[in-house]
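See below for work29.pdb, which holds PDB, C-alpha atoms and all ligand atoms.
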ATOM      1  CA  MET A   1       0.000   0.000   0.000  1.00  0.00           C
ATOM      2  CA  GLN A   2       2.872   2.313   0.886  1.00  0.00           C
ATOM      3  CA  PHE A   3       4.348   1.422  -2.511  1.00  0.00           C
ATOM      4  CA  VAL A   4       1.184   2.435  -4.390  1.00  0.00           C
ATOM      5  CA  TYR A   5       0.933   5.623  -2.352  1.00  0.00           C
ATOM      6  CA  ALA A   6       4.499   6.545  -3.323  1.00  0.00           C
ATOM      7  CA  LEU A   7       3.698   5.874  -6.999  1.00  0.00           C
ATOM      8  CA  ARG A   8       0.633   8.110  -6.850  1.00  0.00           C
ATOM      9  CA  SER A   9       2.611  10.927  -5.292  1.00  0.00           C
ATOM     10  CA  LYS A  10       5.032  10.735  -8.253  1.00  0.00           C
ATOM     11  CA  GLY A  11       2.212  11.100 -10.781  1.00  0.00           C
ATOM     12  CA  VAL A  12       1.261   7.488 -11.521  1.00  0.00           C
ATOM     13  CA  THR A  13      -2.509   7.862 -11.348  1.00  0.00           C
ATOM     14  CA  ASP A  14      -3.895   5.504 -14.011  1.00  0.00           C
ATOM     15  CA  ALA A  15      -5.968   2.874 -12.178  1.00  0.00           C
ATOM     16  CA  ARG A  16      -5.095  -0.083 -14.436  1.00  0.00           C
ATOM     17  CA  THR A  17      -1.380   0.711 -14.196  1.00  0.00           C
ATOM     18  CA  LEU A  18      -1.555   0.905 -10.401  1.00  0.00           C
ATOM     19  CA  VAL A  19      -3.399  -2.428 -10.148  1.00  0.00           C
ATOM     20  CA  ALA A  20      -0.843  -4.121 -12.438  1.00  0.00           C
ATOM     21  CA  MET A  21       2.022  -2.716 -10.357  1.00  0.00           C
ATOM     22  CA  GLU A  22       0.410  -3.749  -7.097  1.00  0.00           C
ATOM     23  CA  ARG A  23       0.183  -7.318  -8.444  1.00  0.00           C
ATOM     24  CA  THR A  24       3.886  -7.357  -9.361  1.00  0.00           C
ATOM     25  CA  ASP A  25       6.231  -7.869  -6.406  1.00  0.00           C
ATOM     26  CA  ARG A  26       9.446  -6.007  -7.322  1.00  0.00           C
ATOM     27  CA  ALA A  27      11.397  -8.038  -4.743  1.00  0.00           C
ATOM     28  CA  ARG A  28      11.206 -11.056  -7.102  1.00  0.00           C
ATOM     29  CA  PHE A  29      13.336  -9.168  -9.642  1.00  0.00           C
ATOM     30  CA  VAL A  30      16.116  -7.824  -7.423  1.00  0.00           C
ATOM     31  CA  LYS A  31      18.677 -10.330  -6.193  1.00  0.00           C
ATOM     32  CA  GLY A  32      21.534 -10.220  -3.691  1.00  0.00           C
ATOM     33  CA  HIS A  33      22.823  -7.181  -1.853  1.00  0.00           C
ATOM     34  CA  PHE A  34      20.075  -4.765  -2.903  1.00  0.00           C
ATOM     35  CA  ALA A  35      17.105  -7.103  -2.422  1.00  0.00           C
ATOM     36  CA  ASN A  36      16.044  -5.296   0.755  1.00  0.00           C
ATOM     37  CA  ARG A  37      15.675  -2.039  -1.185  1.00  0.00           C
ATOM     38  CA  ALA A  38      13.226  -3.424  -3.745  1.00  0.00           C
ATOM     39  CA  TYR A  39      10.360  -1.214  -2.519  1.00  0.00           C
ATOM     40  CA  GLU A  40      12.316   2.021  -2.666  1.00  0.00           C
ATOM     41  CA  ASP A  41      11.782   4.358  -5.591  1.00  0.00           C
ATOM     42  CA  MET A  42      15.235   4.021  -7.078  1.00  0.00           C
ATOM     43  CA  PRO A  43      16.910   2.108  -9.901  1.00  0.00           C
ATOM     44  CA  LEU A  44      18.897  -0.904  -8.623  1.00  0.00           C
ATOM     45  CA  PRO A  45      21.699  -2.981 -10.146  1.00  0.00           C
ATOM     46  CA  ILE A  46      20.919  -6.312 -11.814  1.00  0.00           C
ATOM     47  CA  ALA A  47      23.202  -8.793 -13.645  1.00  0.00           C
ATOM     48  CA  CYS A  48      25.303  -7.861 -16.710  1.00  0.00           C
ATOM     49  CA  GLY A  49      25.942  -4.322 -15.408  1.00  0.00           C
ATOM     50  CA  GLN A  50      22.341  -3.268 -16.089  1.00  0.00           C
ATOM     51  CA  THR A  51      19.626  -1.773 -13.876  1.00  0.00           C
ATOM     52  CA  ILE A  52      16.013  -2.384 -12.972  1.00  0.00           C
ATOM     53  CA  SER A  53      14.314   0.968 -13.499  1.00  0.00           C
ATOM     54  CA  GLN A  54      12.845   3.132 -10.769  1.00  0.00           C
ATOM     55  CA  PRO A  55       9.228   2.054 -10.044  1.00  0.00           C
ATOM     56  CA  SER A  56       7.780   5.545 -10.578  1.00  0.00           C
ATOM     57  CA  VAL A  57       9.451   5.727 -14.011  1.00  0.00           C
ATOM     58  CA  VAL A  58       8.145   2.257 -14.900  1.00  0.00           C
ATOM     59  CA  GLY A  59       4.684   3.471 -13.840  1.00  0.00           C
ATOM     60  CA  LEU A  60       4.876   6.710 -15.808  1.00  0.00           C
ATOM     61  CA  MET A  61       6.069   4.883 -18.925  1.00  0.00           C
ATOM     62  CA  THR A  62       3.361   2.252 -18.581  1.00  0.00           C
ATOM     63  CA  GLN A  63       0.583   4.802 -18.214  1.00  0.00           C
ATOM     64  CA  ALA A  64       1.966   6.899 -21.093  1.00  0.00           C
ATOM     65  CA  LEU A  65       1.783   3.787 -23.282  1.00  0.00           C
ATOM     66  CA  LYS A  66      -2.044   3.516 -22.805  1.00  0.00           C
ATOM     67  CA  VAL A  67      -1.994  -0.271 -23.243  1.00  0.00           C
ATOM     68  CA  GLN A  68      -5.321  -1.826 -24.262  1.00  0.00           C
ATOM     69  CA  PRO A  69      -6.366  -5.386 -23.324  1.00  0.00           C
ATOM     70  CA  ARG A  70      -6.148  -6.662 -26.942  1.00  0.00           C
ATOM     71  CA  ASP A  71      -2.707  -5.155 -27.599  1.00  0.00           C
ATOM     72  CA  LYS A  72       0.433  -6.879 -28.803  1.00  0.00           C
ATOM     73  CA  VAL A  73       3.342  -5.117 -27.111  1.00  0.00           C
ATOM     74  CA  LEU A  74       7.090  -5.113 -27.766  1.00  0.00           C
ATOM     75  CA  GLU A  75       9.490  -4.223 -24.964  1.00  0.00           C
ATOM     76  CA  VAL A  76      13.123  -3.545 -25.892  1.00  0.00           C
ATOM     77  CA  GLY A  77      15.328  -4.125 -22.830  1.00  0.00           C
ATOM     78  CA  THR A  78      14.008  -7.051 -20.748  1.00  0.00           C
ATOM     79  CA  GLY A  79      16.532  -6.461 -17.960  1.00  0.00           C
ATOM     80  CA  SER A  80      15.066  -8.069 -14.834  1.00  0.00           C
ATOM     81  CA  GLY A  81      11.681  -8.734 -16.465  1.00  0.00           C
ATOM     82  CA  TYR A  82       9.851  -6.369 -14.085  1.00  0.00           C
ATOM     83  CA  GLN A  83       8.352  -4.044 -16.702  1.00  0.00           C
ATOM     84  CA  ALA A  84       7.432  -7.008 -18.926  1.00  0.00           C
ATOM     85  CA  VAL A  85       5.411  -8.616 -16.111  1.00  0.00           C
ATOM     86  CA  ILE A  86       3.516  -5.376 -15.466  1.00  0.00           C
ATOM     87  CA  LEU A  87       2.752  -5.121 -19.198  1.00  0.00           C
ATOM     88  CA  SER A  88       1.621  -8.754 -19.291  1.00  0.00           C
ATOM     89  CA  HIS A  89      -1.172  -7.870 -16.830  1.00  0.00           C
ATOM     90  CA  LEU A  90      -2.404  -5.150 -19.190  1.00  0.00           C
ATOM     91  CA  ALA A  91      -1.929  -6.556 -22.701  1.00  0.00           C
ATOM     92  CA  ARG A  92      -2.912  -9.647 -24.677  1.00  0.00           C
ATOM     93  CA  ARG A  93       0.660 -10.550 -25.574  1.00  0.00           C
ATOM     94  CA  VAL A  94       4.105  -9.197 -24.666  1.00  0.00           C
ATOM     95  CA  TYR A  95       7.337  -9.791 -26.582  1.00  0.00           C
ATOM     96  CA  THR A  96      10.431  -8.664 -24.705  1.00  0.00           C
ATOM     97  CA  VAL A  97      13.970  -8.682 -26.085  1.00  0.00           C
ATOM     98  CA  ASP A  98      17.368  -8.120 -24.503  1.00  0.00           C
ATOM     99  CA  ARG A  99      20.881  -8.277 -25.954  1.00  0.00           C
ATOM    100  CA  HIS A 100      22.074 -10.232 -22.883  1.00  0.00           C
ATOM    101  CA  LYS A 101      21.210 -13.938 -23.065  1.00  0.00           C
ATOM    102  CA  ARG A 102      21.701 -14.353 -19.322  1.00  0.00           C
ATOM    103  CA  LEU A 103      19.090 -11.704 -18.487  1.00  0.00           C
ATOM    104  CA  VAL A 104      16.624 -13.278 -20.921  1.00  0.00           C
ATOM    105  CA  GLN A 105      17.139 -16.737 -19.381  1.00  0.00           C
ATOM    106  CA  GLU A 106      16.666 -15.457 -15.823  1.00  0.00           C
ATOM    107  CA  ALA A 107      13.578 -13.445 -16.769  1.00  0.00           C
ATOM    108  CA  ARG A 108      12.072 -16.423 -18.610  1.00  0.00           C
ATOM    109  CA  LYS A 109      12.474 -18.517 -15.472  1.00  0.00           C
ATOM    110  CA  LEU A 110      10.589 -15.913 -13.426  1.00  0.00           C
ATOM    111  CA  PHE A 111       7.769 -15.702 -16.014  1.00  0.00           C
ATOM    112  CA  GLU A 112       7.380 -19.484 -15.806  1.00  0.00           C
ATOM    113  CA  GLU A 113       7.371 -19.463 -11.996  1.00  0.00           C
ATOM    114  CA  MET A 114       4.654 -16.794 -12.112  1.00  0.00           C
ATOM    115  CA  ASP A 115       2.602 -18.823 -14.645  1.00  0.00           C
ATOM    116  CA  LEU A 116       2.622 -15.945 -17.122  1.00  0.00           C
ATOM    117  CA  THR A 117       2.069 -17.562 -20.489  1.00  0.00           C
ATOM    118  CA  ASN A 118       1.528 -14.382 -22.515  1.00  0.00           C
ATOM    119  CA  ILE A 119       5.164 -13.183 -22.382  1.00  0.00           C
ATOM    120  CA  THR A 120       7.817 -14.322 -24.847  1.00  0.00           C
ATOM    121  CA  ALA A 121      11.419 -13.362 -24.015  1.00  0.00           C
ATOM    122  CA  ILE A 122      13.978 -13.420 -26.824  1.00  0.00           C
ATOM    123  CA  THR A 123      17.719 -12.714 -27.002  1.00  0.00           C
ATOM    124  CA  ALA A 124      18.088 -10.174 -29.793  1.00  0.00           C
ATOM    125  CA  ASP A 125      19.319  -6.713 -30.671  1.00  0.00           C
ATOM    126  CA  GLY A 126      16.126  -4.760 -30.150  1.00  0.00           C
ATOM    127  CA  SER A 127      17.312  -1.775 -32.156  1.00  0.00           C
ATOM    128  CA  HIS A 128      16.109  -3.778 -35.168  1.00  0.00           C
ATOM    129  CA  GLY A 129      12.778  -4.451 -33.448  1.00  0.00           C
ATOM    130  CA  LEU A 130      11.301  -7.920 -33.853  1.00  0.00           C
ATOM    131  CA  PRO A 131      10.383  -8.173 -37.558  1.00  0.00           C
ATOM    132  CA  GLU A 132       8.925 -11.683 -37.277  1.00  0.00           C
ATOM    133  CA  GLN A 133       6.216 -10.501 -34.848  1.00  0.00           C
ATOM    134  CA  ALA A 134       5.662  -6.983 -36.219  1.00  0.00           C
ATOM    135  CA  PRO A 135       3.608  -4.837 -36.393  1.00  0.00           C
ATOM    136  CA  PHE A 136       2.934  -3.904 -32.757  1.00  0.00           C
ATOM    137  CA  ASP A 137       0.176  -1.862 -31.106  1.00  0.00           C
ATOM    138  CA  ARG A 138       2.617  -0.607 -28.502  1.00  0.00           C
ATOM    139  CA  ILE A 139       6.410  -0.463 -28.182  1.00  0.00           C
ATOM    140  CA  VAL A 140       8.340   0.517 -25.058  1.00  0.00           C
ATOM    141  CA  VAL A 141      12.102   0.938 -25.046  1.00  0.00           C
ATOM    142  CA  THR A 142      13.856   0.885 -21.676  1.00  0.00           C
ATOM    143  CA  ALA A 143      17.338   1.930 -22.872  1.00  0.00           C
ATOM    144  CA  ALA A 144      18.231   5.289 -24.413  1.00  0.00           C
ATOM    145  CA  ALA A 145      19.040   5.845 -28.095  1.00  0.00           C
ATOM    146  CA  GLU A 146      20.006   9.162 -29.626  1.00  0.00           C
ATOM    147  CA  ASP A 147      16.901   9.075 -31.815  1.00  0.00           C
ATOM    148  CA  PRO A 148      13.959   6.687 -32.131  1.00  0.00           C
ATOM    149  CA  PRO A 149      15.354   3.719 -34.130  1.00  0.00           C
ATOM    150  CA  GLY A 150      13.861   3.617 -37.646  1.00  0.00           C
ATOM    151  CA  PRO A 151      12.979  -0.103 -37.555  1.00  0.00           C
ATOM    152  CA  LEU A 152      10.942   0.447 -34.384  1.00  0.00           C
ATOM    153  CA  LEU A 153       8.994   3.302 -35.950  1.00  0.00           C
ATOM    154  CA  ALA A 154       8.367   1.090 -38.977  1.00  0.00           C
ATOM    155  CA  GLN A 155       7.046  -1.749 -36.780  1.00  0.00           C
ATOM    156  CA  LEU A 156       4.388   0.411 -35.106  1.00  0.00           C
ATOM    157  CA  LYS A 157       0.789  -0.104 -36.308  1.00  0.00           C
ATOM    158  CA  PRO A 158      -1.204   2.931 -37.487  1.00  0.00           C
ATOM    159  CA  GLY A 159      -2.582   4.462 -34.287  1.00  0.00           C
ATOM    160  CA  GLY A 160       0.169   2.685 -32.360  1.00  0.00           C
ATOM    161  CA  ILE A 161       2.173   4.272 -29.542  1.00  0.00           C
ATOM    162  CA  MET A 162       5.848   4.014 -28.620  1.00  0.00           C
ATOM    163  CA  VAL A 163       7.370   5.354 -25.400  1.00  0.00           C
ATOM    164  CA  LEU A 164      11.150   5.659 -25.158  1.00  0.00           C
ATOM    165  CA  PRO A 165      14.007   7.669 -23.673  1.00  0.00           C
ATOM    166  CA  VAL A 166      16.086   9.590 -26.212  1.00  0.00           C
ATOM    167  CA  GLY A 167      19.364  11.430 -25.829  1.00  0.00           C
ATOM    168  CA  GLN A 168      23.000  10.629 -25.244  1.00  0.00           C
ATOM    169  CA  SER A 169      23.887   8.503 -22.234  1.00  0.00           C
ATOM    170  CA  ASP A 170      25.351  10.237 -19.203  1.00  0.00           C
ATOM    171  CA  THR A 171      23.477  13.414 -19.996  1.00  0.00           C
ATOM    172  CA  VAL A 172      19.862  14.229 -19.380  1.00  0.00           C
ATOM    173  CA  GLN A 173      17.618  12.270 -21.671  1.00  0.00           C
ATOM    174  CA  SER A 174      13.970  12.912 -22.488  1.00  0.00           C
ATOM    175  CA  LEU A 175      11.181  10.425 -22.252  1.00  0.00           C
ATOM    176  CA  ILE A 176       9.111  10.816 -25.397  1.00  0.00           C
ATOM    177  CA  ARG A 177       5.861   9.405 -26.748  1.00  0.00           C
ATOM    178  CA  VAL A 178       5.559   8.758 -30.461  1.00  0.00           C
ATOM    179  CA  THR A 179       2.097   8.154 -31.951  1.00  0.00           C
ATOM    180  CA  ARG A 180       1.764   6.824 -35.474  1.00  0.00           C
ATOM    181  CA  THR A 181      -0.868   8.832 -37.344  1.00  0.00           C
ATOM    182  CA  ASP A 182      -2.284   8.432 -40.853  1.00  0.00           C
ATOM    183  CA  GLY A 183       0.236  10.841 -42.269  1.00  0.00           C
ATOM    184  CA  GLY A 184       3.311  10.206 -40.115  1.00  0.00           C
ATOM    185  CA  PHE A 185       4.317  10.453 -36.471  1.00  0.00           C
ATOM    186  CA  ASP A 186       3.427  12.774 -33.585  1.00  0.00           C
ATOM    187  CA  TYR A 187       6.115  13.394 -30.942  1.00  0.00           C
ATOM    188  CA  GLU A 188       5.495  14.524 -27.354  1.00  0.00           C
ATOM    189  CA  GLU A 189       8.159  15.180 -24.768  1.00  0.00           C
ATOM    190  CA  LEU A 190       7.098  13.816 -21.374  1.00  0.00           C
ATOM    191  CA  ARG A 191       9.891  14.385 -18.822  1.00  0.00           C
ATOM    192  CA  PRO A 192      13.635  14.161 -18.217  1.00  0.00           C
ATOM    193  CA  VAL A 193      14.901  10.646 -17.385  1.00  0.00           C
ATOM    194  CA  ARG A 194      18.129   8.713 -17.158  1.00  0.00           C
ATOM    195  CA  PHE A 195      18.520   5.250 -18.686  1.00  0.00           C
ATOM    196  CA  VAL A 196      21.383   2.940 -19.641  1.00  0.00           C
ATOM    197  CA  PRO A 197      22.262   3.243 -23.355  1.00  0.00           C
ATOM    198  CA  LEU A 198      20.746   1.193 -26.148  1.00  0.00           C
ATOM    199  CA  VAL A 199      23.759  -0.733 -27.436  1.00  0.00           C
ATOM    200  CA  GLU A 200      23.876  -2.403 -30.841  1.00  0.00           C
ATOM    201  CA  GLY A 201      24.748  -6.080 -31.232  1.00  0.00           C
ATOM    202  CA  LEU A 202      24.455  -8.939 -28.738  1.00  0.00           C
ATOM    203  CA  GLY A 203      26.120  -8.931 -25.306  1.00  0.00           C
ATOM    204  CA  ALA A 204      28.952 -11.278 -24.369  1.00  0.00           C
ATOM    205  CA  ASP A 205      26.785 -13.157 -21.847  1.00  0.00           C
TER     206      ASP A 205
HETATM  207  N1  LIG A 301      12.951  -2.998 -18.408  1.00  0.00           N
HETATM  208  C1  LIG A 301      13.972  -3.497 -17.493  1.00  0.00           C
HETATM  209  C2  LIG A 301      15.101  -2.518 -17.277  1.00  0.00           C
HETATM  210  C3  LIG A 301      16.014  -2.597 -18.412  1.00  0.00           C
HETATM  211  S1  LIG A 301      17.602  -1.847 -18.286  1.00  0.00           S
HETATM  212  C4  LIG A 301      13.388  -3.939 -16.178  1.00  0.00           C
HETATM  213  O1  LIG A 301      12.166  -3.796 -15.975  1.00  0.00           O
HETATM  214  O2  LIG A 301      14.138  -4.462 -15.360  1.00  0.00           O
HETATM  215  C5  LIG A 301      17.905  -1.769 -20.026  1.00  0.00           C
HETATM  216  C6  LIG A 301      18.115  -3.087 -20.704  1.00  0.00           C
HETATM  217  O3  LIG A 301      18.251  -2.809 -22.094  1.00  0.00           O
HETATM  218  C7  LIG A 301      19.391  -3.818 -20.300  1.00  0.00           C
HETATM  219  O4  LIG A 301      19.073  -5.085 -19.796  1.00  0.00           O
HETATM  220  C8  LIG A 301      20.203  -3.913 -21.596  1.00  0.00           C
HETATM  221  O5  LIG A 301      20.884  -5.142 -21.746  1.00  0.00           O
HETATM  222  C9  LIG A 301      19.109  -3.776 -22.634  1.00  0.00           C
HETATM  223  N2  LIG A 301      19.574  -3.321 -23.948  1.00  0.00           N
HETATM  224  C10 LIG A 301      20.444  -2.335 -24.257  1.00  0.00           C
HETATM  225  N3  LIG A 301      20.592  -2.246 -25.594  1.00  0.00           N
HETATM  226  C11 LIG A 301      19.790  -3.189 -26.148  1.00  0.00           C
HETATM  227  C12 LIG A 301      19.499  -3.600 -27.486  1.00  0.00           C
HETATM  228  N4  LIG A 301      20.072  -3.037 -28.558  1.00  0.00           N
HETATM  229  N5  LIG A 301      18.624  -4.612 -27.664  1.00  0.00           N
HETATM  230  C13 LIG A 301      18.036  -5.222 -26.624  1.00  0.00           C
HETATM  231  N6  LIG A 301      18.268  -4.888 -25.332  1.00  0.00           N
HETATM  232  C14 LIG A 301      19.127  -3.878 -25.104  1.00  0.00           C
END
Could you show the structure in this file as structure tokens?
Ligand code: SAH
Amino acid sequence: MQFVYALRSKGVTDARTLVAMERTDRARFVKGHFANRAYEDMPLPIACGQTISQPSVVGLMTQALKVQPRDKVLEVGTGSGYQAVILSHLARRVYTVDRHKRLVQEARKLFEEMDLTNITAITADGSHGLPEQAPFDRIVVTAAAEDPPGPLLAQLKPGGIMVLPVGQSDTVQSLIRVTRTDGGFDYEELRPVRFVPLVEGLGAD
């Protein structure tokens, strides 16, 4: 309850997002030394030098994505699997990709333990999207690129929405929402954020 209260105070007000986050115990996704800080509103380290995002940022991104129950969603940057599980409570089907095989394997194990059969985790370079499952109703990217990757824009359905951080790493990045319209794309800037960089190619582990 404290957790949901903290989310609300940071601007996460969408009821469906809050219910999905309440159902998703963040402690399952944080291992080792930092496990006891799972309910704090801060990013925490996970394997492969990556981070699980701050819960309020996960909430703000999820609500900005306006996921509908029939949607097919692509997440680029599985990381711990936390955001993917929240999305799986809101969407029909979630595809999540990460360039680190180890993170994908660990996340897959958690999805199985939680009996979540509507998430598929794949080791891939998400900057190319996931052509074999495209197009998507929604795309969320949880690592920062300088600009929205062209293949991801191309894999968005008409009317589809993509939420992603853009900007160079180690400087302030902006969270943006891209909506595909009949004639092109609409861009909205949502807030400053800080994410690990979107890196091309597969990771070493
Ligand atoms: N959404 C995650 C947090 C992800 S951190 C969670 O809820 O825990 C960002 C992730 O993006 C990292 O795991 C990193 O390996 C991944 N990543 C970076 N570049 C990538 C790329 N080109 N393709 C796929 N994943 C990428």
I need every residue sitting at most 12 Å from the point (-1.4, -6.5, -19.1) (coordinates as in the file, only C-alpha atoms considered), written as a JSON list (two decimals) with C-alpha atoms, keeping the file's coordinate frame.
[["chain", "number", "residue", "atom", "x", "y", "z"],
["A", 16, "ARG", "CA", -5.10, -0.08, -14.44],
["A", 17, "THR", "CA", -1.38, 0.71, -14.20],
["A", 18, "LEU", "CA", -1.56, 0.90, -10.40],
["A", 19, "VAL", "CA", -3.40, -2.43, -10.15],
["A", 20, "ALA", "CA", -0.84, -4.12, -12.44],
["A", 21, "MET", "CA", 2.02, -2.72, -10.36],
["A", 23, "ARG", "CA", 0.18, -7.32, -8.44],
["A", 24, "THR", "CA", 3.89, -7.36, -9.36],
["A", 62, "THR", "CA", 3.36, 2.25, -18.58],
["A", 63, "GLN", "CA", 0.58, 4.80, -18.21],
["A", 65, "LEU", "CA", 1.78, 3.79, -23.28],
["A", 66, "LYS", "CA", -2.04, 3.52, -22.80],
["A", 67, "VAL", "CA", -1.99, -0.27, -23.24],
["A", 68, "GLN", "CA", -5.32, -1.83, -24.26],
["A", 69, "PRO", "CA", -6.37, -5.39, -23.32],
["A", 70, "ARG", "CA", -6.15, -6.66, -26.94],
["A", 71, "ASP", "CA", -2.71, -5.16, -27.60],
["A", 72, "LYS", "CA", 0.43, -6.88, -28.80],
["A", 73, "VAL", "CA", 3.34, -5.12, -27.11],
["A", 83, "GLN", "CA", 8.35, -4.04, -16.70],
["A", 84, "ALA", "CA", 7.43, -7.01, -18.93],
["A", 85, "VAL", "CA", 5.41, -8.62, -16.11],
["A", 86, "ILE", "CA", 3.52, -5.38, -15.47],
["A", 87, "LEU", "CA", 2.75, -5.12, -19.20],
["A", 88, "SER", "CA", 1.62, -8.75, -19.29],
["A", 89, "HIS", "CA", -1.17, -7.87, -16.83],
["A", 90, "LEU", "CA", -2.40, -5.15, -19.19],
["A", 91, "ALA", "CA", -1.93, -6.56, -22.70],
["A", 92, "ARG", "CA", -2.91, -9.65, -24.68],
["A", 93, "ARG", "CA", 0.66, -10.55, -25.57],
["A", 94, "VAL", "CA", 4.11, -9.20, -24.67],
["A", 95, "TYR", "CA", 7.34, -9.79, -26.58],
["A", 116, "LEU", "CA", 2.62, -15.94, -17.12],
["A", 117, "THR", "CA", 2.07, -17.56, -20.49],
["A", 118, "ASN", "CA", 1.53, -14.38, -22.52],
["A", 119, "ILE", "CA", 5.16, -13.18, -22.38],
["A", 138, "ARG", "CA", 2.62, -0.61, -28.50]]
Under the PyMOL selection byres (((chain A and resi 173) around 10) and not hetatm), which residues of this model are included? Write them out as a PyMOL selection string.
chain A and resi 144-146+164-172+174-176+191-195
Let me make sure I understand: among A:Val104, A:Val30, A:Leu152, A:Val163, which one has the smallest atom-to-atom distance to A:Pro45 if we use all atoms listed in the file?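 Closest residue, counting all atoms listed in the file: A:Val30.
Comparing the minimum interatomic distances between ligand LIG 301 (chain A) and each of A:Gly81, A:Gly150, A:Pro55, A:Pro43, counting all atoms listed in the file, we find that A:Gly81 sits nearest.
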Around ligand LIG 301 (chain A), out to 6 Å and counting all atoms listed in the file, which residues are there? I want them as JSON, numbers by chain.
{"A": [50, 51, 52, 53, 76, 77, 78, 79, 80, 81, 82, 83, 97, 98, 99, 100, 124, 125, 126, 127, 142, 143, 196, 197, 198, 199, 200]}
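With atom CA of A:Tyr187 on one side and atom CA of A:Ala15 on the other, the separation reads 24.7 Å.
The gap separating atom CA of A:Val178 from atom CA of A:Arg8 is 24.1 Å, in Å to one decimal.
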For A:Val12, which residue among A:Gly201, A:Val57, A:Pro158, A:Glu75 is the nearest when counting all atoms listed in the file?
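Among the listed residues, the smallest separation from A:Val12 belongs to A:Val57.
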inquiry  = Env of A:Gly160: 7 Å cut, atoms = all atoms listed in the file, seq-sep filter 2 positions within chain, self excluded. Answer as a ChimeraX atom specification.
reply    = /A:137-138,156-158,162,179-180
- Let me know the residues the PyMOL selection byres (((chain A and resi 7) around 10) and not hetatm) catches in the file above, as a VMD selection string. chain A and resid 1 to 6 8 to 13 18 21 41 55 to 60
For A:His128, which of A:Val140, A:Ala38, A:Ala107, A:Ala154 is the closest residue, counting all atoms listed in the file?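 Result for the nearest residue to A:His128: A:Ala154.
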Excluding A:Asn36 and residues on its chain fewer than 3 positions from it, collect all residues at most 8 Å away from it, counting all atoms listed in the file, and give them as number ranges by chain. A: 27, 33, 39
Between A:Ala134, A:Leu202, A:Val141, A:Ile161, which one has atoms that come closest to A:Glu188, using only C-alpha atoms?
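The answer is A:Ile161, which sits nearest to A:Glu188.
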Kindly provide, as lines of an AutoDock Vina configuration file, the centre and edge lengths (Å, one decimal) of an axis-aligned box around all atoms of stretch 120-126 of chain A given in the file, with 8 Å on each side.
center_x = 13.6
center_y = -9.5
center_z = -27.3
size_x = 27.5
size_y = 25.6
size_z = 22.7
Contact table stretch 99-179 of chain A vs stretch 46-49 of chain A, cut-off 10 Å, shortest pair per residue, all atoms listed in the file, as CSV:
residue,atom,partner,partner_atom,distance
A:His100,CA,A:Cys48,CA,7.4
A:Lys101,CA,A:Cys48,CA,9.7
A:Arg102,CA,A:Cys48,CA,7.9
A:Leu103,CA,A:Ala47,CA,7.0
A:Glu106,CA,A:Ala47,CA,9.6
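Reported to one decimal place, the separation of atom CA of A:Leu190 from atom CA of A:Arg37 is 27.1 Å.
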Fill in: Using all atoms listed in the file: which of A:Gln155, A:Met114, A:Arg177, A:Glu22 has the shortest distance to A:Met61
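Comparing A:Gln155, A:Met114, A:Arg177, A:Glu22 against A:Met61, the winner is A:Arg177.
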